[in-house]
Amino acid sequence: MKIEAAVLSSGSDGNAVYIRAGAYSVLIDAGLSGKELERRMKIRDIDPASINAILVTHEHSDHIKGVGVLSRRFNIPIYANQGTWSGSEKKLGKIKAENSQVFSGDFVIGDLAFSPYDISHDAEEPVGYICRAGDQKIVLATDTGIMKNEVVEKISGADLLILESNHDLEMLMTGSYPYFLKNRIKGKEGHLSNDAAAKILPKLLADNFPTVLLAHLSEENNNPKVAYITVNNILKETGYKVGRDLRLGCASQVEPSPIIKLDKESRKRQRAKAKNKFDGDN
Ligand SMILES: [Zn+2]
Ligand SMILES: [Zn+2]
């Protein structure tokens, strides 16, 4: 079974993640306009009409802007918990009854099994998602001010981890945002900083050569280079080497990521190659 994923957009201007397993595919969030999401899917050869569901993390507009439009245009069911439905109903426009799916625990869409988990964010009932497909584990962990130990346990060992690295604390504090907004962002129900992501990441890694994408980067208070360096430095301190133990990159606001193929065998081979290279370097 072919398992693949792509981050179509990530950041406060809009978020969307695409996951496919065999004949089934979903979007988690659709926070750009329907038109722009269609354009980005086309770039990656994804047929919007083939999407089986749109899963929503929470009702902030950077996560639901295109949800209603795509659901109506392509007759796609929307999955959200009760709190997120209450928070977003007015913003979504009219949704067909059969496309309004309310979940209250784990659920399955074809070959994709989803476990929503609570995140710490200022919305009605916000969640992140753990997705299992075949022997692969894909985790979306953004829009959370803190990460509790129980969440760390649940989401660790992913093969693909999309982890929030929202702001550089110094850039945020010396930047132009009003004081209340700075406090909201760095608060318990805001967003993880680069430092916070860097400190959590080693606890989340397993011995499976995962791909980690730093996500929801602020355009104002962060940039990919700063996020990458901050995280990479802490990884080095804790004994992890990018390229040998994991792949590390940043998800972009402006363009879709390449399609990431998730396949244990080919990863084993890539990893063996990487290990040889590192051993050769030493
Ligand atoms: Zn967000
Ligand atoms: Zn949010």
# chains A, B, ... in the order shown; residues from 1 in each chain; ligands from 1

call {"tool": "closest_atom_pairs", "arguments": {"of": "chain A", "to": "ligand 2", "cutoff": "9 Å", "atoms": "only C-alpha atoms and all ligand atoms", "output": "JSON lines"}}
result
{"residue": "A:Ser12", "atom": "CA", "partner": "ligand 2", "partner_atom_place_in_ligand_line": "1 (Zn)", "distance": 8.0}
{"residue": "A:Thr57", "atom": "CA", "partner": "ligand 2", "partner_atom_place_in_ligand_line": "1 (Zn)", "distance": 8.5}
{"residue": "A:His58", "atom": "CA", "partner": "ligand 2", "partner_atom_place_in_ligand_line": "1 (Zn)", "distance": 6.7}
{"residue": "A:Glu59", "atom": "CA", "partner": "ligand 2", "partner_atom_place_in_ligand_line": "1 (Zn)", "distance": 7.3}
{"residue": "A:His60", "atom": "CA", "partner": "ligand 2", "partner_atom_place_in_ligand_line": "1 (Zn)", "distance": 5.0}
{"residue": "A:Ser61", "atom": "CA", "partner": "ligand 2", "partner_atom_place_in_ligand_line": "1 (Zn)", "distance": 7.8}
{"residue": "A:Asp62", "atom": "CA", "partner": "ligand 2", "partner_atom_place_in_ligand_line": "1 (Zn)", "distance": 7.1}
{"residue": "A:His63", "atom": "CA", "partner": "ligand 2", "partner_atom_place_in_ligand_line": "1 (Zn)", "distance": 7.3}
{"residue": "A:His121", "atom": "CA", "partner": "ligand 2", "partner_atom_place_in_ligand_line": "1 (Zn)", "distance": 6.6}
{"residue": "A:Asp122", "atom": "CA", "partner": "ligand 2", "partner_atom_place_in_ligand_line": "1 (Zn)", "distance": 7.0}
{"residue": "A:Ala123", "atom": "CA", "partner": "ligand 2", "partner_atom_place_in_ligand_line": "1 (Zn)", "distance": 6.9}
{"residue": "A:Pro126", "atom": "CA", "partner": "ligand 2", "partner_atom_place_in_ligand_line": "1 (Zn)", "distance": 8.2}
{"residue": "A:Thr142", "atom": "CA", "partner": "ligand 2", "partner_atom_place_in_ligand_line": "1 (Zn)", "distance": 8.4}
{"residue": "A:Asp143", "atom": "CA", "partner": "ligand 2", "partner_atom_place_in_ligand_line": "1 (Zn)", "distance": 5.3}
{"residue": "A:Thr144", "atom": "CA", "partner": "ligand 2", "partner_atom_place_in_ligand_line": "1 (Zn)", "distance": 8.1}
{"residue": "A:Gly190", "atom": "CA", "partner": "ligand 2", "partner_atom_place_in_ligand_line": "1 (Zn)", "distance": 7.6}
{"residue": "A:His191", "atom": "CA", "partner": "ligand 2", "partner_atom_place_in_ligand_line": "1 (Zn)", "distance": 8.2}

call {"tool": "residues_around", "arguments": {"residues": "Pro48 (chain A)", "least_positions_apart": "5", "cutoff": "8 Å", "atoms": "only C-alpha atoms", "output": "list of chain:residue names"}}
result
A:Glu38, A:Met41, A:Phe74

call {"tool": "write_last_selection", "arguments": {"atoms": "C-alpha atoms", "output": "PDB file, in the first residue's frame"}}
result
ATOM      1  CA  GLU A  38      -6.953  23.375  -5.430  1.00  0.00           C
ATOM      2  CA  MET A  41      -3.055  20.117  -4.885  1.00  0.00           C
ATOM      3  CA  PHE A  74     -16.325  18.145  -4.157  1.00  0.00           C
TER       4      PHE A  74
END

call {"tool": "closest_residue", "arguments": {"among": "A:Thr211, A:Gln253, A:Asn183, A:Ser165", "to": "Val226 (chain A)", "atoms": "only C-alpha atoms"}}
result
A:Ser165

call {"tool": "closest_residue", "arguments": {"among": "A:Val127, A:Ile138, A:Ile64, A:Ile78", "to": "Glu98 (chain A)", "atoms": "only C-alpha atoms"}}
result
A:Ile78

call {"tool": "residues_around", "arguments": {"residues": "Ser156 (chain A)", "least_positions_apart": "2", "cutoff": "8 Å", "atoms": "only C-alpha atoms", "output": "list of chain:residue names"}}
result
A:Val152, A:Glu153, A:Lys154, A:Ala158, A:Lys203, A:Leu204, A:Leu205, A:Ala206

call {"tool": "residues_around", "arguments": {"residues": "Asn15 (chain A)", "least_positions_apart": "6", "cutoff": "7 Å", "atoms": "only C-alpha atoms", "output": "PyMOL selection string"}}
result
chain A and resi 9+29-32+62-63

call {"tool": "write_last_selection", "arguments": {"atoms": "N, CA and C atoms", "output": "tab-separated table (two decimals), in the first residue's frame"}}
result
chain	number	residue	atom	x	y	z
A	9	SER	N	0.36	23.68	3.08
A	9	SER	CA	0.55	25.05	3.56
A	9	SER	C	0.70	25.00	5.07
A	29	ASP	N	-7.19	19.88	8.02
A	29	ASP	CA	-7.36	21.33	7.88
A	29	ASP	C	-7.32	21.76	6.41
A	30	ALA	N	-7.98	22.86	6.16
A	30	ALA	CA	-8.01	23.43	4.81
A	30	ALA	C	-8.11	24.94	5.03
A	31	GLY	N	-7.00	25.53	5.44
A	31	GLY	CA	-7.01	26.92	5.91
A	31	GLY	C	-6.58	27.97	4.91
A	32	LEU	N	-6.58	27.60	3.62
A	32	LEU	CA	-6.41	28.60	2.56
A	32	LEU	C	-7.74	28.68	1.81
A	62	ASP	N	-7.21	30.17	10.08
A	62	ASP	CA	-6.06	29.63	9.33
A	62	ASP	C	-6.13	28.10	9.20
A	63	HIS	N	-7.18	27.50	9.77
A	63	HIS	CA	-7.36	26.04	9.65
A	63	HIS	C	-8.66	25.66	8.92

call {"tool": "closest_residue", "arguments": {"among": "A:Lys186, A:Lys94, A:His216, A:Arg73", "to": "ligand 1", "atoms": "only C-alpha atoms and all ligand atoms"}}
result
A:His216

call {"tool": "closest_residue", "arguments": {"among": "A:Ala5, A:Ile229, A:Val26, A:Glu265", "to": "Cys250 (chain A)", "atoms": "only C-alpha atoms"}}
result
A:Ile229

call {"tool": "atom_distance", "arguments": {"atom1": "CA of Leu181 (chain A)", "atom2": "CA of Ile146 (chain A)"}}
result
16.8 Å

call {"tool": "atom_distance", "arguments": {"atom1": "CA of Arg132 (chain A)", "atom2": "CA of His167 (chain A)"}}
result
28.9 Å

call {"tool": "atom_distance", "arguments": {"atom1": "CA of Leu8 (chain A)", "atom2": "CA of Gly34 (chain A)"}}
result
12.3 Å

call {"tool": "select_by_dssp", "arguments": {"residues": "region 90-255 of chain A", "states": "strand (DSSP E)", "output": "PyMOL selection string"}}
result
chain A and resi 100-102+107-109+112-118+127-133+136-141+160-164+211-215+247-250

call {"tool": "write_last_selection", "arguments": {"atoms": "N, CA and C atoms", "output": "tab-separated table (two decimals), in the first residue's frame"}}
result
chain	number	residue	atom	x	y	z
A	100	SER	N	-21.48	16.31	7.57
A	100	SER	CA	-21.13	16.82	8.89
A	100	SER	C	-20.89	15.65	9.83
A	101	GLN	N	-19.66	15.25	9.98
A	101	GLN	CA	-19.34	14.10	10.84
A	101	GLN	C	-18.77	14.59	12.16
A	102	VAL	N	-19.37	14.12	13.26
A	102	VAL	CA	-18.90	14.50	14.59
A	102	VAL	C	-18.19	13.30	15.20
A	107	PHE	N	-11.26	7.26	15.08
A	107	PHE	CA	-12.11	6.89	13.94
A	107	PHE	C	-11.24	6.47	12.77
A	108	VAL	N	-11.90	5.82	11.80
A	108	VAL	CA	-11.17	5.23	10.67
A	108	VAL	C	-11.76	5.74	9.36
A	109	ILE	N	-10.88	6.05	8.43
A	109	ILE	CA	-11.33	6.39	7.07
A	109	ILE	C	-10.54	5.48	6.13
A	112	LEU	N	-6.84	4.49	6.77
A	112	LEU	CA	-6.25	5.49	7.66
A	112	LEU	C	-6.98	5.48	9.00
A	113	ALA	N	-6.23	5.27	10.09
A	113	ALA	CA	-6.85	5.27	11.43
A	113	ALA	C	-6.38	6.52	12.18
A	114	PHE	N	-7.33	7.26	12.71
A	114	PHE	CA	-6.99	8.53	13.36
A	114	PHE	C	-7.27	8.50	14.85
A	115	SER	N	-6.29	9.00	15.61
A	115	SER	CA	-6.49	9.23	17.05
A	115	SER	C	-6.29	10.71	17.31
A	116	PRO	N	-7.37	11.44	17.52
A	116	PRO	CA	-7.23	12.84	17.89
A	116	PRO	C	-6.73	12.93	19.33
A	117	TYR	N	-5.93	13.93	19.64
A	117	TYR	CA	-5.48	14.12	21.03
A	117	TYR	C	-5.56	15.60	21.36
A	118	ASP	N	-5.78	15.89	22.65
A	118	ASP	CA	-5.98	17.28	23.08
A	118	ASP	C	-4.70	18.09	22.98
A	127	VAL	N	-7.62	19.87	18.71
A	127	VAL	CA	-6.92	18.58	18.73
A	127	VAL	C	-5.76	18.57	17.73
A	128	GLY	N	-4.80	17.70	18.02
A	128	GLY	CA	-3.82	17.28	17.03
A	128	GLY	C	-4.25	15.90	16.56
A	129	TYR	N	-3.57	15.35	15.56
A	129	TYR	CA	-3.95	14.02	15.08
A	129	TYR	C	-2.75	13.09	15.01
A	130	ILE	N	-2.99	11.86	15.45
A	130	ILE	CA	-2.06	10.76	15.18
A	130	ILE	C	-2.75	9.93	14.11
A	131	CYS	N	-2.04	9.67	13.03
A	131	CYS	CA	-2.62	8.89	11.94
A	131	CYS	C	-1.79	7.63	11.75
A	132	ARG	N	-2.45	6.48	11.76
A	132	ARG	CA	-1.74	5.23	11.49
A	132	ARG	C	-2.23	4.65	10.17
A	133	ALA	N	-1.27	4.29	9.34
A	133	ALA	CA	-1.60	3.70	8.04
A	133	ALA	C	-0.56	2.63	7.78
A	136	GLN	N	2.98	2.69	9.34
A	136	GLN	CA	3.48	4.06	9.46
A	136	GLN	C	2.65	4.88	10.46
A	137	LYS	N	3.37	5.78	11.14
A	137	LYS	CA	2.69	6.68	12.09
A	137	LYS	C	3.01	8.12	11.68
A	138	ILE	N	1.96	8.87	11.46
A	138	ILE	CA	2.11	10.26	11.04
A	138	ILE	C	1.48	11.13	12.13
A	139	VAL	N	2.22	12.14	12.58
A	139	VAL	CA	1.71	12.96	13.68
A	139	VAL	C	1.69	14.43	13.28
A	140	LEU	N	0.56	15.07	13.54
A	140	LEU	CA	0.45	16.51	13.38
A	140	LEU	C	0.37	17.13	14.77
A	141	ALA	N	1.35	17.98	15.08
A	141	ALA	CA	1.40	18.60	16.41
A	141	ALA	C	1.72	20.08	16.26
A	160	LEU	N	6.60	10.24	10.32
A	160	LEU	CA	6.56	11.63	9.85
A	160	LEU	C	5.97	12.47	10.98
A	161	LEU	N	6.74	13.45	11.42
A	161	LEU	CA	6.28	14.32	12.51
A	161	LEU	C	6.24	15.75	11.99
A	162	ILE	N	5.07	16.36	12.09
A	162	ILE	CA	4.92	17.76	11.71
A	162	ILE	C	4.77	18.52	13.02
A	163	LEU	N	5.84	19.21	13.40
A	163	LEU	CA	5.94	19.77	14.76
A	163	LEU	C	6.00	21.29	14.72
A	164	GLU	N	5.16	21.90	15.52
A	164	GLU	CA	5.15	23.36	15.58
A	164	GLU	C	6.47	23.94	16.08
A	211	THR	N	11.12	11.52	9.37
A	211	THR	CA	11.16	12.86	8.76
A	211	THR	C	10.44	13.81	9.71
A	212	VAL	N	11.11	14.90	10.06
A	212	VAL	CA	10.51	15.90	10.93
A	212	VAL	C	10.41	17.21	10.16
A	213	LEU	N	9.20	17.74	10.10
A	213	LEU	CA	9.01	19.05	9.47
A	213	LEU	C	8.61	20.05	10.53
A	214	LEU	N	9.40	21.10	10.68
A	214	LEU	CA	9.04	22.18	11.59
A	214	LEU	C	7.94	22.99	10.91
A	215	ALA	N	6.89	23.31	11.68
A	215	ALA	CA	5.69	23.85	11.04
A	215	ALA	C	5.09	25.04	11.78
A	247	ARG	N	15.53	13.08	9.29
A	247	ARG	CA	15.57	14.15	8.30
A	247	ARG	C	14.85	15.33	8.91
A	248	LEU	N	15.36	16.53	8.68
A	248	LEU	CA	14.76	17.71	9.28
A	248	LEU	C	14.55	18.78	8.21
A	249	GLY	N	13.38	19.35	8.19
A	249	GLY	CA	13.11	20.43	7.24
A	249	GLY	C	12.04	21.36	7.81
A	250	CYS	N	11.69	22.38	7.06
A	250	CYS	CA	10.65	23.30	7.49
A	250	CYS	C	9.50	23.28	6.48

call {"tool": "residues_around", "arguments": {"residues": "region 18-20 of chain A", "least_positions_apart": "4", "cutoff": "6 Å", "atoms": "only C-alpha atoms", "output": "list in words"}}
result
Ile3, Glu4, Ala5, Ala6, Tyr24, Ser25, Val26 and Leu27 of chain A

call {"tool": "residues_around", "arguments": {"residues": "Tyr79 (chain A)", "least_positions_apart": "3", "cutoff": "9 Å", "atoms": "only C-alpha atoms", "output": "ChimeraX atom specification"}}
result
/A:53-56,85,99-103

call {"tool": "select_by_dssp", "arguments": {"residues": "region 88-240 of chain A", "states": "alpha helix (DSSP H)", "output": "ChimeraX atom specification"}}
result
/A:88-92,149-155,169-174,179-186,194-204,224-237

call {"tool": "closest_residue", "arguments": {"among": "A:Leu169, A:Val67, A:Leu217, A:Ala197", "to": "ligand 1", "atoms": "only C-alpha atoms and all ligand atoms"}}
result
A:Leu217

call {"tool": "closest_residue", "arguments": {"among": "A:Leu246, A:Ala21, A:Ile119, A:Met1", "to": "ligand 1", "atoms": "only C-alpha atoms and all ligand atoms"}}
result
A:Ile119
